[in-house]
Amino acid sequence: MERREKELAIGSLLHDIGKILYRADDGRRHSVSGYDFLKEQGIDNPAILNQVRYHHSRELSAASLDRADLAYITYWADNVAAGADRRNNDDSDEKGYDRHMPLASIFNILNGNTQSYSYDMQEIYDDGRANNPKASAAGYSEGEYFRILADLRQCVSAVELTGEYINSLLCVLEATESFVPSSTDKSQLSDISLYDHSKITAAVAGCIYAYIKEKGIEDYRRFLFENGNAAYQEKAFLLMSMDISGIQNFIYKVANKNVLKMLRTKSFYLEILLEHVVDELLEECGLSRANLIYSGGGHAYLLLANTKKTLETIRVFKESLNAWFLKRYRTDLYIAFGLAECSANDLMNKPDGSYRELFRRVGESISAEKASRYTAEELIRLNSGTASQYGRECRVCGELNHLVKDPSADPSAEEYLCENCAAFVSMSRDILEKDFVTILSEDAGGACLRLPFGKYMVLETEENVRRRIAEKQTAYVRCYSKNKMFTGYNVATRLWNGDYHQGDDFSDFARAAEGVRRIGVLRADVDNLGQAFVRGFERPDGSQKYVSLSRSATFSRKMSLFFKLHINNILSSRKFSLSPGREDRPGRNVAVIYSGGDDLFLIGAWDEIIGAAVDIYESLREFTQGTLTISGGVGIFPEKYPAAALARQTGELEELAKNHEDEAGNKKNSIALFSRESVYNWDDFVNAVVGEKLRMIRRYFDGNEEKGNAAMYRMLRFIRERGDKINLARFAYLLGRMEPDRKAPEEKKQLHREFTEKMYQWIRNEEDCKELITAIYIYVYLNRKSEKEEHHAEADEN
């Protein structure tokens, strides 16, 4: 980034900082108070200050500024961002505003919702606590705005014209302003935060600057201020999508040794790889991470300038990137790019339908590229490799080149891994213990993984990162921190990362499980998220007045927060449990393999995985006010089961859940447990399977679980063949034999009568019967103790 580009990014990000002072105790116009505040912090750069002081038309028209002042760009970009969240374009007079108004929830108008929920004023906490919307959130006080100012004061007093500072500033603004409403206009929706508005303003400003620079326009005042409406129609922008193909096959290609560590490491590597690719491209385009609209789950959206320079940069960038993938990973991994040019009006959905059409064109572009991934020259090069001089192959991925000894194997063993797999093994412990990912331009050796464009990633402590920066090491490129908010301005770009874990391997989970020694796997994703992203803000009457880039960006960020940050807090506590008395135990015995965007993959003790699945479902429902649902599959496996097979089979269960339709005709919003016979709407599973059937079985056999297991095995056979009158009679005979003797307490006799009555009732109804079978399986699994029971149950299951 050039100096002017950096000044523009900082000024546009800070242009509305005066709103926080105004809502604290400053009665002046926010452009004036923001300008004075920055000067008081030692900022004396006119290019930055003018963007804060003159970003409204009334003040800009009376100012004596150079006609190429950056204030004209921020003014125009602010209008685009304000129009994109459908506010009045000029709110400089501060009239008709409620300075204590809380931020409204973005989910109030998602998928036809009509609620009026708001957020309490909070910062984003790195422990993952969620600030869920409330029906009656408190108004924001002056003291709360003063606390935000204290955090911002430290940041803006250390302004540096560097890309690192800009990205750090973005992190600080996200932490402090995510629950600050951009506008408190009582006649408008207040569901766009000051952070999201400022970020979109900076993104638009960076693009329009590059666009008018290439066109040779030097009179910003005429182009953007005097003729600003005409500029809205210029195809000045590119909406770009990135999509990594081959993620699942890449992650699941692991050996049975160190499976859990390898899965986590490879998943984390892909997440950093995408962030690295995004940062490399943005730097090549002279833009900051403000132009990253969304990143997660192997997907990213960026807003770029529609210039010849940008298009050529992307072309060269793509060729270099996918040549690197072919060389390092052959066809296992590939990144497809989708592009669509657009105007500011398109970003503001003017006319209605423009925004949806924009994403349709991006989708078509990326699909076309995936259909023709490689050129003929690349395919020839791909098939002309030579075998390793050692005549061996990597025992994990089968690679023939770049082999080294397995660092986790016995030194005397002749076990070889390729450089990539060896680095994944070496880095597995660092991922759990170190919070900073440093990108270097030189190979650091040891636990160091290669990245595209001649870069390498290592995991380090904050102390090591600060030392590299202080020593101005030439190999240092950039740094990312995992879930750390205030690690020091200008140190790192903060990335949210779902990294919760308890247990080092599958055997740890199997031992921690209650009852049967098995691991559980959860694979889940949000239902219809793509449709919600593009069309979710269309109103039931067909109105599209709330469809815009600002809301899509806010919505996407909320989902990233849930699956990349709040997931850690959900798993570190517990609300739902299959076994009474276990709710208060600290932390679940599970590990996140990946969690991002809308996608989730967990491994853990089988009973903990089911509990975690329910907690995630209920947390998402509260977080999104019931506007989104999730469907998932839960598989249960022996601890030595191959990773690829358990992932594939659980994925098949997930598909069953997503294709499920309950008796009321509701689709998806379901969980599939163990097999295709056990697929339920979430509430049916929680209330009917566990809350009713399993609870009844537990009450009846409480204190005599061994007898209960034996009875359940016999019941299962009769229930499965209940259409046969002989088996129905045997079922009745079995229940009769379980009747207490005449001397038993009356409450025990009453319980038997209730149990028998419920059993007869349930086996006569198809859905109740299905739920009963699932409840019996869960009960048996929870109370299996001996090897004999293991073999008995497995024979019954087969």
# chains A, B, ... in the order shown; residues from 1 in each chain; ligands from 1

$ select_by_dssp --residues "range 201-382 of chain A" --states "strand (DSSP E)" --output "ChimeraX atom specification"
/A:237-245,292-296,299-305,334-342

$ select_by_dssp --residues "range 156-230 of chain A" --states "helix (DSSP H, G or I)" --output "PyMOL selection string"
chain A and resi 156+163-177+194-214+220-226+228-230

$ closest_residue --among "A:Asn765, A:Ser190, A:Gln248, A:Asn568" --to "Asp98 in chain A" --atoms "only C-alpha atoms"
A:Ser190

$ closest_residue --among "A:Cys285, A:Ser548, A:Ile212, A:Asp430" --to "Lys350 in chain A" --atoms "only C-alpha atoms"
A:Ser548
